[in-house]
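A.B. asks: So I've got this file, work38.txt, and it contains compact mmCIF, C-alpha atoms:
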# COMPACT_ATOMS: atom_id res chain seq x y z
CA MET D 1 -10.19 -87.54 -13.73
CA ALA D 2 -8.60 -86.97 -17.12
CA LYS D 3 -6.25 -84.01 -17.29
CA ASN D 4 -6.97 -81.48 -20.02
CA ARG D 5 -4.38 -79.28 -21.65
CA ILE D 6 -4.42 -75.55 -21.03
CA ASP D 7 -3.19 -72.80 -23.30
CA ARG D 8 -0.87 -71.03 -20.88
CA ARG D 9 -0.50 -67.95 -23.07
CA THR D 10 -4.22 -67.27 -23.19
CA LEU D 11 -4.52 -67.97 -19.46
CA LEU D 12 -1.80 -65.42 -18.73
CA ARG D 13 -3.55 -62.86 -20.92
CA GLY D 14 -6.71 -63.45 -18.93
CA LEU D 15 -4.86 -63.10 -15.64
CA ALA D 16 -3.40 -59.73 -16.64
CA GLY D 17 -6.67 -57.96 -15.88
CA SER D 18 -7.89 -60.35 -13.24
CA THR D 19 -9.25 -59.76 -9.79
CA VAL D 20 -6.67 -60.31 -7.08
CA ALA D 21 -8.50 -61.75 -4.09
CA VAL D 22 -6.56 -61.64 -0.87
CA SER D 23 -7.22 -62.30 2.77
CA ALA D 24 -6.72 -59.45 5.20
CA ALA D 25 -3.78 -61.32 6.68
CA GLY D 26 -2.15 -61.20 3.26
CA LEU D 27 -2.06 -57.41 3.25
CA ALA D 28 0.89 -56.39 5.39
CA GLY D 29 -0.27 -53.86 7.95
CA ALA D 30 -3.92 -54.46 7.07
CA ALA D 31 -5.06 -53.21 10.46
CA PRO D 32 -5.08 -50.31 10.28
CA ALA D 33 -5.46 -50.33 6.51
CA CYS D 34 -2.88 -48.41 4.58
CA ALA D 35 -2.53 -48.30 0.83
CA SER D 36 1.28 -48.29 1.09
CA SER D 37 1.31 -51.62 2.92
CA GLY D 38 3.66 -54.26 1.58
CA ASP D 39 6.65 -56.39 2.36
CA SER D 40 10.29 -55.29 2.63
CA ASN D 41 10.63 -55.46 -1.14
CA GLY D 42 7.79 -52.99 -1.68
CA ARG D 43 5.20 -55.49 -2.85
CA LEU D 44 1.63 -54.57 -1.97
CA ILE D 45 0.77 -58.24 -1.55
CA PRO D 46 3.66 -60.36 -0.22
CA ARG D 47 4.51 -63.56 -2.02
CA GLY D 48 2.63 -66.54 -0.67
CA HIS D 49 -0.56 -64.52 -0.12
CA LEU D 50 -1.55 -63.91 -3.74
CA GLY D 51 -5.01 -65.13 -4.64
CA ILE D 52 -7.39 -64.92 -7.56
CA GLN D 53 -11.16 -64.74 -7.99
CA LEU D 54 -11.85 -67.69 -10.27
CA TYR D 55 -14.51 -65.70 -12.11
CA SER D 56 -11.53 -64.12 -13.89
CA VAL D 57 -10.73 -67.47 -15.54
CA ARG D 58 -14.24 -68.94 -15.70
CA ASP D 59 -13.95 -69.53 -19.45
CA LYS D 60 -10.79 -71.60 -18.93
CA ILE D 61 -12.43 -73.65 -16.17
CA ALA D 62 -15.39 -74.34 -18.47
CA GLN D 63 -13.01 -75.37 -21.27
CA VAL D 64 -10.39 -77.47 -19.50
CA GLY D 65 -11.61 -77.96 -15.92
CA PHE D 66 -10.37 -77.21 -12.44
CA ALA D 67 -7.44 -79.65 -12.60
CA ALA D 68 -5.60 -77.96 -15.46
CA VAL D 69 -6.38 -74.44 -14.24
CA PHE D 70 -5.30 -75.16 -10.67
CA GLU D 71 -2.06 -76.74 -11.87
CA GLU D 72 -1.18 -73.63 -13.87
CA LEU D 73 -2.23 -71.20 -11.14
CA GLY D 74 -0.05 -73.06 -8.65
CA ARG D 75 2.88 -73.07 -11.07
CA ILE D 76 2.58 -69.31 -11.62
CA GLY D 77 2.63 -68.67 -7.89
CA TYR D 78 -0.96 -68.23 -6.77
CA ARG D 79 -1.70 -69.63 -3.33
CA GLU D 80 -5.36 -68.76 -2.70
CA VAL D 81 -8.49 -68.93 -4.84
CA GLU D 82 -11.94 -67.53 -4.37
CA PHE D 83 -14.63 -69.59 -6.03
CA ALA D 84 -17.37 -68.35 -8.36
CA GLY D 85 -19.18 -71.66 -8.71
CA TYR D 86 -18.36 -75.33 -8.40
CA THR D 87 -18.98 -76.56 -11.95
CA GLN D 88 -16.61 -76.98 -14.88
CA GLY D 89 -18.77 -76.86 -18.00
CA ALA D 90 -18.33 -79.53 -20.62
CA VAL D 91 -15.44 -81.13 -18.71
CA GLY D 92 -18.00 -82.93 -16.57
CA ALA D 93 -19.38 -83.19 -13.07
CA ILE D 94 -17.09 -82.79 -10.09
CA THR D 95 -17.77 -83.05 -6.37
CA PRO D 96 -16.63 -80.64 -3.66
CA ALA D 97 -14.42 -83.41 -2.27
CA GLN D 98 -12.73 -83.82 -5.65
CA ILE D 99 -12.22 -80.06 -5.91
CA ARG D 100 -10.63 -80.07 -2.45
CA GLN D 101 -8.22 -82.79 -3.52
CA LEU D 102 -7.20 -80.72 -6.56
CA LEU D 103 -6.59 -77.71 -4.33
CA ASP D 104 -4.40 -79.76 -2.03
CA ASP D 105 -2.53 -81.34 -4.94
CA ASN D 106 -1.59 -77.92 -6.31
CA GLY D 107 -0.75 -76.11 -3.08
CA LEU D 108 -3.85 -73.94 -3.19
CA LYS D 109 -6.27 -72.90 -0.47
CA ALA D 110 -9.87 -71.76 -0.83
CA ALA D 111 -10.19 -68.26 0.63
CA GLY D 112 -13.89 -67.83 -0.05
CA SER D 113 -16.68 -68.16 -2.57
CA HIS D 114 -19.19 -65.91 -4.29
CA ARG D 115 -22.67 -67.40 -4.10
CA GLY D 116 -26.12 -66.03 -4.89
CA LEU D 117 -28.51 -64.68 -2.30
CA ASN D 118 -31.00 -67.36 -3.30
CA ASP D 119 -28.36 -70.03 -2.68
CA PHE D 120 -28.32 -68.97 0.96
CA ARG D 121 -32.10 -68.60 1.11
CA THR D 122 -32.84 -72.05 -0.27
CA ASN D 123 -29.80 -74.20 0.48
CA LEU D 124 -27.84 -72.64 3.34
CA GLU D 125 -26.70 -75.86 5.02
CA TRP D 126 -25.43 -77.31 1.74
CA GLU D 127 -23.49 -74.10 1.08
CA LEU D 128 -21.88 -74.39 4.50
CA ASP D 129 -21.19 -78.10 3.93
CA VAL D 130 -19.29 -77.21 0.75
CA ALA D 131 -17.37 -74.47 2.53
CA GLU D 132 -16.29 -76.97 5.19
CA THR D 133 -15.28 -79.54 2.58
CA LEU D 134 -13.18 -77.00 0.69
CA GLY D 135 -11.63 -75.68 3.87
CA MET D 136 -12.93 -72.17 3.29
CA PRO D 137 -12.84 -69.82 6.28
CA ALA D 138 -15.50 -67.63 4.66
CA VAL D 139 -18.31 -67.74 2.11
CA GLY D 140 -20.16 -64.80 0.67
CA THR D 141 -21.99 -63.10 -2.15
CA ALA D 142 -21.13 -60.51 -4.76
CA GLN D 143 -24.74 -59.36 -4.94
CA ALA D 144 -25.99 -56.21 -3.28
CA PRO D 145 -27.80 -57.09 -0.04
CA THR D 146 -31.09 -56.32 -1.80
CA GLY D 147 -32.44 -54.56 -4.84
CA ASP D 148 -34.83 -52.67 -2.59
CA ARG D 149 -32.88 -49.49 -1.87
CA THR D 150 -35.22 -48.27 0.85
CA ILE D 151 -34.63 -48.22 4.60
CA ALA D 152 -37.14 -51.04 5.03
CA GLY D 153 -35.51 -53.02 2.25
CA TYR D 154 -32.12 -52.85 3.92
CA GLN D 155 -33.62 -53.66 7.30
CA ALA D 156 -35.07 -56.86 5.85
CA ALA D 157 -31.80 -57.70 4.09
CA ALA D 158 -29.78 -57.17 7.26
CA ALA D 159 -32.09 -59.54 9.13
CA GLU D 160 -31.44 -62.21 6.48
CA PHE D 161 -27.68 -61.71 6.62
CA ASN D 162 -27.68 -61.83 10.42
CA ALA D 163 -29.49 -65.16 10.36
CA TRP D 164 -27.23 -66.64 7.68
CA GLY D 165 -24.16 -65.30 9.44
CA ALA D 166 -25.18 -66.82 12.75
CA ALA D 167 -25.64 -70.21 11.08
CA ALA D 168 -22.22 -69.86 9.43
CA ALA D 169 -20.54 -68.76 12.66
CA ALA D 170 -21.92 -71.82 14.43
CA ARG D 171 -19.78 -73.85 12.02
CA GLY D 172 -16.72 -71.63 12.27
CA ILE D 173 -17.31 -69.87 8.93
CA LYS D 174 -17.59 -66.15 8.19
CA LEU D 175 -20.34 -64.82 5.93
CA TYR D 176 -19.40 -61.81 3.80
CA GLN D 177 -20.83 -59.39 1.26
CA HIS D 178 -18.77 -58.02 -1.64
CA ASN D 179 -19.50 -54.52 -2.88
CA HIS D 180 -19.90 -52.94 -6.26
CA THR D 181 -20.67 -49.21 -6.44
CA ILE D 182 -24.42 -49.31 -5.88
CA GLU D 183 -24.08 -50.17 -2.19
CA PHE D 184 -22.55 -46.73 -1.63
CA SER D 185 -25.61 -44.95 -3.00
CA PHE D 186 -28.28 -43.41 -0.81
CA ALA D 187 -31.65 -44.77 0.28
CA VAL D 188 -34.33 -43.69 -2.16
CA ASP D 189 -36.62 -42.74 0.73
CA ARG D 190 -33.86 -41.17 2.85
CA PRO D 191 -31.34 -39.39 0.62
CA ASP D 192 -29.25 -38.54 3.69
CA VAL D 193 -28.61 -42.23 4.50
CA ARG D 194 -25.82 -44.07 2.66
CA LEU D 195 -26.86 -47.70 2.18
CA TYR D 196 -23.39 -49.10 2.92
CA ASP D 197 -23.40 -47.30 6.27
CA LEU D 198 -26.88 -48.60 6.99
CA PHE D 199 -25.86 -52.20 6.22
CA LEU D 200 -22.87 -51.92 8.56
CA GLU D 201 -25.06 -50.49 11.29
CA LEU D 202 -27.85 -53.06 10.97
CA THR D 203 -25.74 -56.21 10.64
CA ASP D 204 -24.23 -57.95 13.63
CA PRO D 205 -20.42 -57.64 13.52
CA ARG D 206 -20.16 -61.09 15.09
CA TYR D 207 -21.88 -62.68 12.11
CA VAL D 208 -21.67 -60.47 9.01
CA TYR D 209 -18.44 -59.38 7.30
CA LEU D 210 -17.46 -57.36 4.25
CA GLU D 211 -15.15 -58.08 1.35
CA MET D 212 -14.11 -54.68 0.06
CA ASP D 213 -13.63 -54.48 -3.68
CA ILE D 214 -11.20 -51.57 -3.61
CA LEU D 215 -11.77 -50.49 -7.21
CA TRP D 216 -15.54 -50.49 -6.94
CA ALA D 217 -15.31 -48.70 -3.59
CA TYR D 218 -13.38 -45.94 -5.35
CA GLY D 219 -16.10 -46.02 -8.00
CA GLY D 220 -18.69 -45.58 -5.27
CA ALA D 221 -16.78 -42.60 -3.89
CA ARG D 222 -16.71 -41.07 -7.37
CA LYS D 223 -20.42 -41.62 -8.05
CA TYR D 224 -21.66 -40.90 -4.53
CA PRO D 225 -19.02 -38.61 -2.94
CA GLY D 226 -18.50 -38.07 0.75
CA PHE D 227 -16.32 -40.95 1.97
CA ARG D 228 -12.89 -42.57 1.60
CA PRO D 229 -12.83 -46.36 1.21
CA VAL D 230 -9.89 -46.75 3.61
CA ASP D 231 -11.81 -45.07 6.42
CA TYR D 232 -14.29 -47.95 6.60
CA VAL D 233 -11.50 -50.47 7.06
CA ASN D 234 -9.66 -48.36 9.61
CA ALA D 235 -12.86 -47.92 11.61
CA GLN D 236 -13.75 -51.63 11.72
CA PRO D 237 -10.77 -53.71 10.50
CA HIS D 238 -12.15 -56.91 12.01
CA ARG D 239 -15.09 -56.79 9.60
CA TYR D 240 -12.91 -57.04 6.47
CA PRO D 241 -11.42 -60.55 6.21
CA LEU D 242 -11.05 -60.35 2.41
CA PHE D 243 -10.27 -57.74 -0.23
CA HIS D 244 -10.45 -57.53 -4.00
CA VAL D 245 -7.40 -55.61 -5.19
CA LYS D 246 -8.10 -54.30 -8.69
CA ASP D 247 -6.82 -51.36 -10.67
CA GLY D 248 -8.75 -49.13 -13.03
CA VAL D 249 -9.11 -45.88 -14.94
CA PRO D 250 -12.06 -43.51 -14.59
CA LEU D 251 -14.79 -43.66 -17.20
CA PRO D 252 -15.59 -40.32 -18.86
CA ASP D 253 -19.02 -40.30 -17.25
CA PRO D 254 -18.68 -40.80 -13.47
CA GLN D 255 -22.21 -42.22 -13.33
CA GLN D 256 -21.53 -44.92 -15.92
CA GLY D 257 -21.40 -48.47 -14.62
CA ASN D 258 -19.04 -48.82 -11.67
CA SER D 259 -17.43 -45.47 -12.65
CA TYR D 260 -14.07 -47.10 -13.43
CA LEU D 261 -12.89 -49.45 -16.15
CA ASP D 262 -10.77 -52.23 -14.68
CA VAL D 263 -7.33 -52.59 -16.26
CA GLU D 264 -4.15 -54.59 -15.72
CA PHE D 265 -2.86 -54.15 -12.18
CA GLY D 266 -0.40 -51.25 -12.12
CA ALA D 267 -1.78 -49.64 -15.28
CA GLY D 268 -4.56 -47.73 -13.55
CA VAL D 269 -4.86 -44.76 -11.23
CA ILE D 270 -5.93 -46.31 -7.94
CA PRO D 271 -3.33 -45.00 -5.43
CA PHE D 272 -2.21 -48.27 -3.86
CA ALA D 273 1.36 -47.01 -3.43
CA THR D 274 0.34 -43.83 -1.62
CA SER D 275 -0.92 -43.96 1.95
CA SER D 276 -4.44 -42.60 2.29
CA ALA D 277 -4.76 -43.47 5.98
CA SER D 278 -4.53 -40.67 8.51
Show this structure as structure tokens.
C.D. replies:
Amino acid sequence: MAKNRIDRRTLLRGLAGSTVAVSAAGLAGAAPACASSGDSNGRLIPRGHLGIQLYSVRDKIAQVGFAAVFEELGRIGYREVEFAGYTQGAVGAITPAQIRQLLDDNGLKAAGSHRGLNDFRTNLEWELDVAETLGMPAVGTAQAPTGDRTIAGYQAAAAEFNAWGAAAAARGIKLYQHNHTIEFSFAVDRPDVRLYDLFLELTDPRYVYLEMDILWAYGGARKYPGFRPVDYVNAQPHRYPLFHVKDGVPLPDPQQGNSYLDVEFGAGVIPFATSSAS
């Protein structure tokens, strides 16, 4: 496969506001969760456990392909990637086996992948085949469990996730769901029931896991008050194999979008350096 050149300066600019994807094992002291966790040098995420959601550099992958992007990510010091698709635009077709070889060549590991709900509905075994080929311990979705924000809607969604999760577990893979803010809203037919709580209750902890996007969880707490993100992880640490560690500043209107604007890590107000665990 021909190697394409990559503009390292523009890649670094893109990485400045990127999503840091990290496995729970990469967060020192992740169980129980504590925002002040880090190594002896005070780093929140110790070296060797730094990952990236490839959605952050999707334009570069489409322009120059996985090979050039992986080479630069490995050179910078990334060690894990979370996929957001398995295509590389105009660069040309690539197989999961070829992607795995590029990962290995650049000292990278696949931590997970964001896939669509319909991908699991229509092609579950292929999705699990790809996960096995890439060596991913987990595969998930960044979509809300369902757009039907009723009790019945979430009951149906939980049944789907339980079935997909059981199939994944049979192959040694964890199925996960990644939150935005909407999952922390309340059921439209039961305004006393938080949908995130309902999903946790209805899904089988043996088969269904969560990837907490910390920034969007804070956004959920701002839009739909009454919880602390860290409390979910402390209560069920085994259900959180992955995290998205992003920083942000609050939007003027708490109800706008995800309630926060994501910014370069360290430039926002999310209190990573202050323990919020009790």
A.B. asks: For CA of Asp192 in chain D and CA of Leu251 in chain D, determine how far apart the two atoms are, in Å to one decimal place.
C.D. replies: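 Rounded to one decimal, the two atoms are 25.9 Å apart.
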A.B. asks: For Leu210 in chain D, list every protein, DNA or RNA residue within 7 Å, evaluated using all atoms listed in the file, and leave out those in the same chain fewer than 5 positions away; present the list as a list in words.
C.D. replies: Tyr176, Gln177, His178, Arg239 and Tyr240 of chain D
A.B. asks: Which residues, written as a list in words, have at least one atom at most 10 Å from Tyr260 in chain D, with all atoms listed in the file counted and residues fewer than 4 positions away on the same chain left out?
C.D. replies: Thr181, Leu215, Trp216, Tyr218, Gly219, Gly220, Arg222, Lys223, Asp247, Gly248, Val249, Pro250, Leu251, Pro252, Asp253, Pro254, Gln255, Gln256, Gly268, Val269 and Ile270 of chain D
A.B. asks: Generate the output file for the selected residues, C-alpha atoms, as a PDB file, keeping the file's coordinate frame.
C.D. replies:
ATOM      1  CA  THR D 181     -20.670 -49.210  -6.440  1.00  0.00           C
ATOM      2  CA  LEU D 215     -11.770 -50.490  -7.210  1.00  0.00           C
ATOM      3  CA  TRP D 216     -15.540 -50.490  -6.940  1.00  0.00           C
ATOM      4  CA  TYR D 218     -13.380 -45.940  -5.350  1.00  0.00           C
ATOM      5  CA  GLY D 219     -16.100 -46.020  -8.000  1.00  0.00           C
ATOM      6  CA  GLY D 220     -18.690 -45.580  -5.270  1.00  0.00           C
ATOM      7  CA  ARG D 222     -16.710 -41.070  -7.370  1.00  0.00           C
ATOM      8  CA  LYS D 223     -20.420 -41.620  -8.050  1.00  0.00           C
ATOM      9  CA  ASP D 247      -6.820 -51.360 -10.670  1.00  0.00           C
ATOM     10  CA  GLY D 248      -8.750 -49.130 -13.030  1.00  0.00           C
ATOM     11  CA  VAL D 249      -9.110 -45.880 -14.940  1.00  0.00           C
ATOM     12  CA  PRO D 250     -12.060 -43.510 -14.590  1.00  0.00           C
ATOM     13  CA  LEU D 251     -14.790 -43.660 -17.200  1.00  0.00           C
ATOM     14  CA  PRO D 252     -15.590 -40.320 -18.860  1.00  0.00           C
ATOM     15  CA  ASP D 253     -19.020 -40.300 -17.250  1.00  0.00           C
ATOM     16  CA  PRO D 254     -18.680 -40.800 -13.470  1.00  0.00           C
ATOM     17  CA  GLN D 255     -22.210 -42.220 -13.330  1.00  0.00           C
ATOM     18  CA  GLN D 256     -21.530 -44.920 -15.920  1.00  0.00           C
ATOM     19  CA  GLY D 268      -4.560 -47.730 -13.550  1.00  0.00           C
ATOM     20  CA  VAL D 269      -4.860 -44.760 -11.230  1.00  0.00           C
ATOM     21  CA  ILE D 270      -5.930 -46.310  -7.940  1.00  0.00           C
TER      22      ILE D 270
END
A.B. asks: Between D:Ala142, D:Ala168, D:Ala159, D:Leu108, which one has atoms that come closest to Arg75 in chain D, using only C-alpha atoms?
C.D. replies: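 Using only C-alpha atoms, Arg75 in chain D sits closest to D:Leu108.
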A.B. asks: Contacts of Val188 in chain D at 10 Å or less, counting only C-alpha atoms, minus same-chain residues fewer than 5 places along, as a PDB file with C-alpha atoms, keeping the file's coordinate frame?
C.D. replies:
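As written to disk, result.pdb reads:
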ATOM      1  CA  ASP D 148     -34.830 -52.670  -2.590  1.00  0.00           C
ATOM      2  CA  ARG D 149     -32.880 -49.490  -1.870  1.00  0.00           C
ATOM      3  CA  THR D 150     -35.220 -48.270   0.850  1.00  0.00           C
ATOM      4  CA  ILE D 151     -34.630 -48.220   4.600  1.00  0.00           C
ATOM      5  CA  VAL D 193     -28.610 -42.230   4.500  1.00  0.00           C
ATOM      6  CA  ARG D 194     -25.820 -44.070   2.660  1.00  0.00           C
ATOM      7  CA  LEU D 195     -26.860 -47.700   2.180  1.00  0.00           C
TER       8      LEU D 195
END
A.B. asks: So the first atom is CA of Tyr154 in chain D and the second is CA of Ala169 in chain D; what is the distance between them in Å, to one decimal place?
C.D. replies: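 These two atoms are separated by 21.5 Å.
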A.B. asks: CA of Asn258 in chain D and CA of Pro225 in chain D, how far apart in Å?
C.D. replies: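 Going from CA of Pro225 in chain D over to CA of Asn258 in chain D covers 13.4 Å.
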A.B. asks: Using only C-alpha atoms, which of D:Gly172, D:Gly51, D:Pro271, D:Gly147 sits nearest Ile76 in chain D?
C.D. replies: D:Gly51
A.B. asks: Using only C-alpha atoms, find the one residue out of D:Thr141, D:Ala221, D:Arg79, D:Ala166 that sits nearest to Asp105 in chain D.
C.D. replies: D:Arg79
A.B. asks: Taking into account all atoms listed in the file, which residue in the set D:Val130, D:Ala170, D:Met212, D:Leu50 is nearest to Glu80 in chain D?
C.D. replies: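 For Glu80 in chain D, the nearest of the given residues is D:Leu50.
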A.B. asks: Give the answer as one residue: which of D:Asn123, D:Asn234, D:Gln155, D:Ser185 has the shortest atom-to-atom distance to Leu202 in chain D, using only C-alpha atoms?
C.D. replies: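 Result for the nearest residue to Leu202 in chain D: D:Gln155.
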A.B. asks: Point out the residue among D:Arg228, D:His244, D:His180, D:Arg100 with the least atom-to-atom distance to Phe66 in chain D, counting only C-alpha atoms.
C.D. replies: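 Using only C-alpha atoms, Phe66 in chain D sits closest to D:Arg100.
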A.B. asks: Which residues of range 86-195 of chain D sit at most 9 Å from range 53-64 of chain D, using only C-alpha atoms? Give each one's shortest atom pair and distance in Å (one decimal place), in chain and ascending residue order, as CSV.
C.D. replies:
residue,atom,partner,partner_atom,distance
D:Thr87,CA,D:Ala62,CA,7.8
D:Gln88,CA,D:Ala62,CA,4.6
D:Gly89,CA,D:Ala62,CA,4.2
D:Ala90,CA,D:Ala62,CA,6.3
D:Val91,CA,D:Val64,CA,6.3
D:Gly112,CA,D:Gln53,CA,8.9
D:Ser113,CA,D:Gln53,CA,8.5
D:His114,CA,D:Gln53,CA,8.9
A.B. asks: I need the residues from that last selection saved to file as a PDB file, keeping the file's coordinate frame (with C-alpha atoms), if you can.
C.D. replies:
ATOM      1  CA  THR D  87     -18.980 -76.560 -11.950  1.00  0.00           C
ATOM      2  CA  GLN D  88     -16.610 -76.980 -14.880  1.00  0.00           C
ATOM      3  CA  GLY D  89     -18.770 -76.860 -18.000  1.00  0.00           C
ATOM      4  CA  ALA D  90     -18.330 -79.530 -20.620  1.00  0.00           C
ATOM      5  CA  VAL D  91     -15.440 -81.130 -18.710  1.00  0.00           C
ATOM      6  CA  GLY D 112     -13.890 -67.830  -0.050  1.00  0.00           C
ATOM      7  CA  SER D 113     -16.680 -68.160  -2.570  1.00  0.00           C
ATOM      8  CA  HIS D 114     -19.190 -65.910  -4.290  1.00  0.00           C
TER       9      HIS D 114
END
A.B. asks: Edge lengths and centre in Å to one decimal, as JSON, is what I'm after for the box along x, y and z that holds all listed atoms of range 90-107 of chain D once 4 Å is added on each side.
C.D. replies:
{"center_x": -10.1, "center_y": -80.0, "center_z": -11.3, "size_x": 26.6, "size_y": 15.7, "size_z": 26.6}
A.B. asks: List as a VMD selection string the protein and nucleic acid residues near Ala152 in chain D, meaning an atom at most 10 Å away when all atoms listed in the file are counted, but skip any in the same chain fewer than 5 places from it.
C.D. replies: chain D and resid 157 to 158 187 189
A.B. asks: Would you export the selected residues with C-alpha atoms as a CSV table (one decimal), in the frame of the given file, please?
C.D. replies:
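Written out: selection.csv:
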chain,number,residue,atom,x,y,z
D,157,ALA,CA,-31.8,-57.7,4.1
D,158,ALA,CA,-29.8,-57.2,7.3
D,187,ALA,CA,-31.6,-44.8,0.3
D,189,ASP,CA,-36.6,-42.7,0.7
A.B. asks: Would you mind putting back all heavy atoms on range 234-241 of chain D, then writing it out as an mmCIF file, in the coordinates of the input?
C.D. replies:
data_model
loop_
_atom_site.group_PDB
_atom_site.id
_atom_site.type_symbol
_atom_site.label_atom_id
_atom_site.label_comp_id
_atom_site.auth_asym_id
_atom_site.auth_seq_id
_atom_site.Cartn_x
_atom_site.Cartn_y
_atom_site.Cartn_z
ATOM 1 N N ASN D 234 -10.318 -48.825 8.390
ATOM 2 C CA ASN D 234 -9.660 -48.360 9.610
ATOM 3 C C ASN D 234 -10.610 -48.339 10.792
ATOM 4 O O ASN D 234 -10.207 -48.592 11.925
ATOM 5 C CB ASN D 234 -9.068 -46.963 9.381
ATOM 6 C CG ASN D 234 -7.755 -47.005 8.623
ATOM 7 O OD1 ASN D 234 -7.059 -48.005 8.624
ATOM 8 N ND2 ASN D 234 -7.433 -45.910 7.959
ATOM 9 N N ALA D 235 -11.875 -48.019 10.532
ATOM 10 C CA ALA D 235 -12.860 -47.920 11.610
ATOM 11 C C ALA D 235 -13.243 -49.289 12.162
ATOM 12 O O ALA D 235 -13.456 -49.445 13.372
ATOM 13 C CB ALA D 235 -14.100 -47.187 11.129
ATOM 14 N N GLN D 236 -13.326 -50.295 11.288
ATOM 15 C CA GLN D 236 -13.750 -51.630 11.720
ATOM 16 C C GLN D 236 -12.924 -52.701 11.001
ATOM 17 O O GLN D 236 -13.457 -53.476 10.211
ATOM 18 C CB GLN D 236 -15.246 -51.847 11.429
ATOM 19 C CG GLN D 236 -16.171 -50.854 12.109
ATOM 20 C CD GLN D 236 -17.634 -51.252 11.971
ATOM 21 O OE1 GLN D 236 -18.079 -52.308 12.424
ATOM 22 N NE2 GLN D 236 -18.410 -50.391 11.321
ATOM 23 N N PRO D 237 -11.627 -52.772 11.250
ATOM 24 C CA PRO D 237 -10.770 -53.710 10.500
ATOM 25 C C PRO D 237 -11.180 -55.159 10.645
ATOM 26 O O PRO D 237 -10.972 -55.958 9.723
ATOM 27 C CB PRO D 237 -9.382 -53.444 11.082
ATOM 28 C CG PRO D 237 -9.617 -52.796 12.408
ATOM 29 C CD PRO D 237 -10.863 -51.990 12.244
ATOM 30 N N HIS D 238 -11.771 -55.521 11.784
ATOM 31 C CA HIS D 238 -12.150 -56.910 12.010
ATOM 32 C C HIS D 238 -13.276 -57.363 11.087
ATOM 33 O O HIS D 238 -13.496 -58.578 10.936
ATOM 34 C CB HIS D 238 -12.610 -57.080 13.461
ATOM 35 C CG HIS D 238 -13.793 -56.242 13.825
ATOM 36 N ND1 HIS D 238 -13.689 -54.888 14.043
ATOM 37 C CD2 HIS D 238 -15.104 -56.570 13.996
ATOM 38 C CE1 HIS D 238 -14.891 -54.411 14.344
ATOM 39 N NE2 HIS D 238 -15.759 -55.393 14.310
ATOM 40 N N ARG D 239 -13.965 -56.416 10.460
ATOM 41 C CA ARG D 239 -15.090 -56.790 9.600
ATOM 42 C C ARG D 239 -14.668 -57.032 8.157
ATOM 43 O O ARG D 239 -15.510 -57.351 7.314
ATOM 44 C CB ARG D 239 -16.181 -55.719 9.653
ATOM 45 C CG ARG D 239 -16.788 -55.571 11.044
ATOM 46 C CD ARG D 239 -18.120 -54.879 11.022
ATOM 47 N NE ARG D 239 -19.176 -55.761 10.516
ATOM 48 C CZ ARG D 239 -20.468 -55.426 10.460
ATOM 49 N NH1 ARG D 239 -20.848 -54.213 10.873
ATOM 50 N NH2 ARG D 239 -21.366 -56.256 9.998
ATOM 51 N N TYR D 240 -13.391 -56.900 7.845
ATOM 52 C CA TYR D 240 -12.910 -57.040 6.470
ATOM 53 C C TYR D 240 -11.882 -58.173 6.368
ATOM 54 O O TYR D 240 -10.676 -57.934 6.331
ATOM 55 C CB TYR D 240 -12.313 -55.716 5.988
ATOM 56 C CG TYR D 240 -13.355 -54.636 5.815
ATOM 57 C CD1 TYR D 240 -13.707 -53.814 6.880
ATOM 58 C CD2 TYR D 240 -14.004 -54.462 4.600
ATOM 59 C CE1 TYR D 240 -14.690 -52.832 6.731
ATOM 60 C CE2 TYR D 240 -14.974 -53.488 4.445
ATOM 61 C CZ TYR D 240 -15.317 -52.682 5.514
ATOM 62 O OH TYR D 240 -16.288 -51.716 5.367
ATOM 63 N N PRO D 241 -12.353 -59.424 6.303
ATOM 64 C CA PRO D 241 -11.420 -60.550 6.210
ATOM 65 C C PRO D 241 -10.845 -60.753 4.812
ATOM 66 O O PRO D 241 -9.849 -61.454 4.645
ATOM 67 C CB PRO D 241 -12.273 -61.744 6.628
ATOM 68 C CG PRO D 241 -13.661 -61.369 6.203
ATOM 69 C CD PRO D 241 -13.754 -59.879 6.417
#
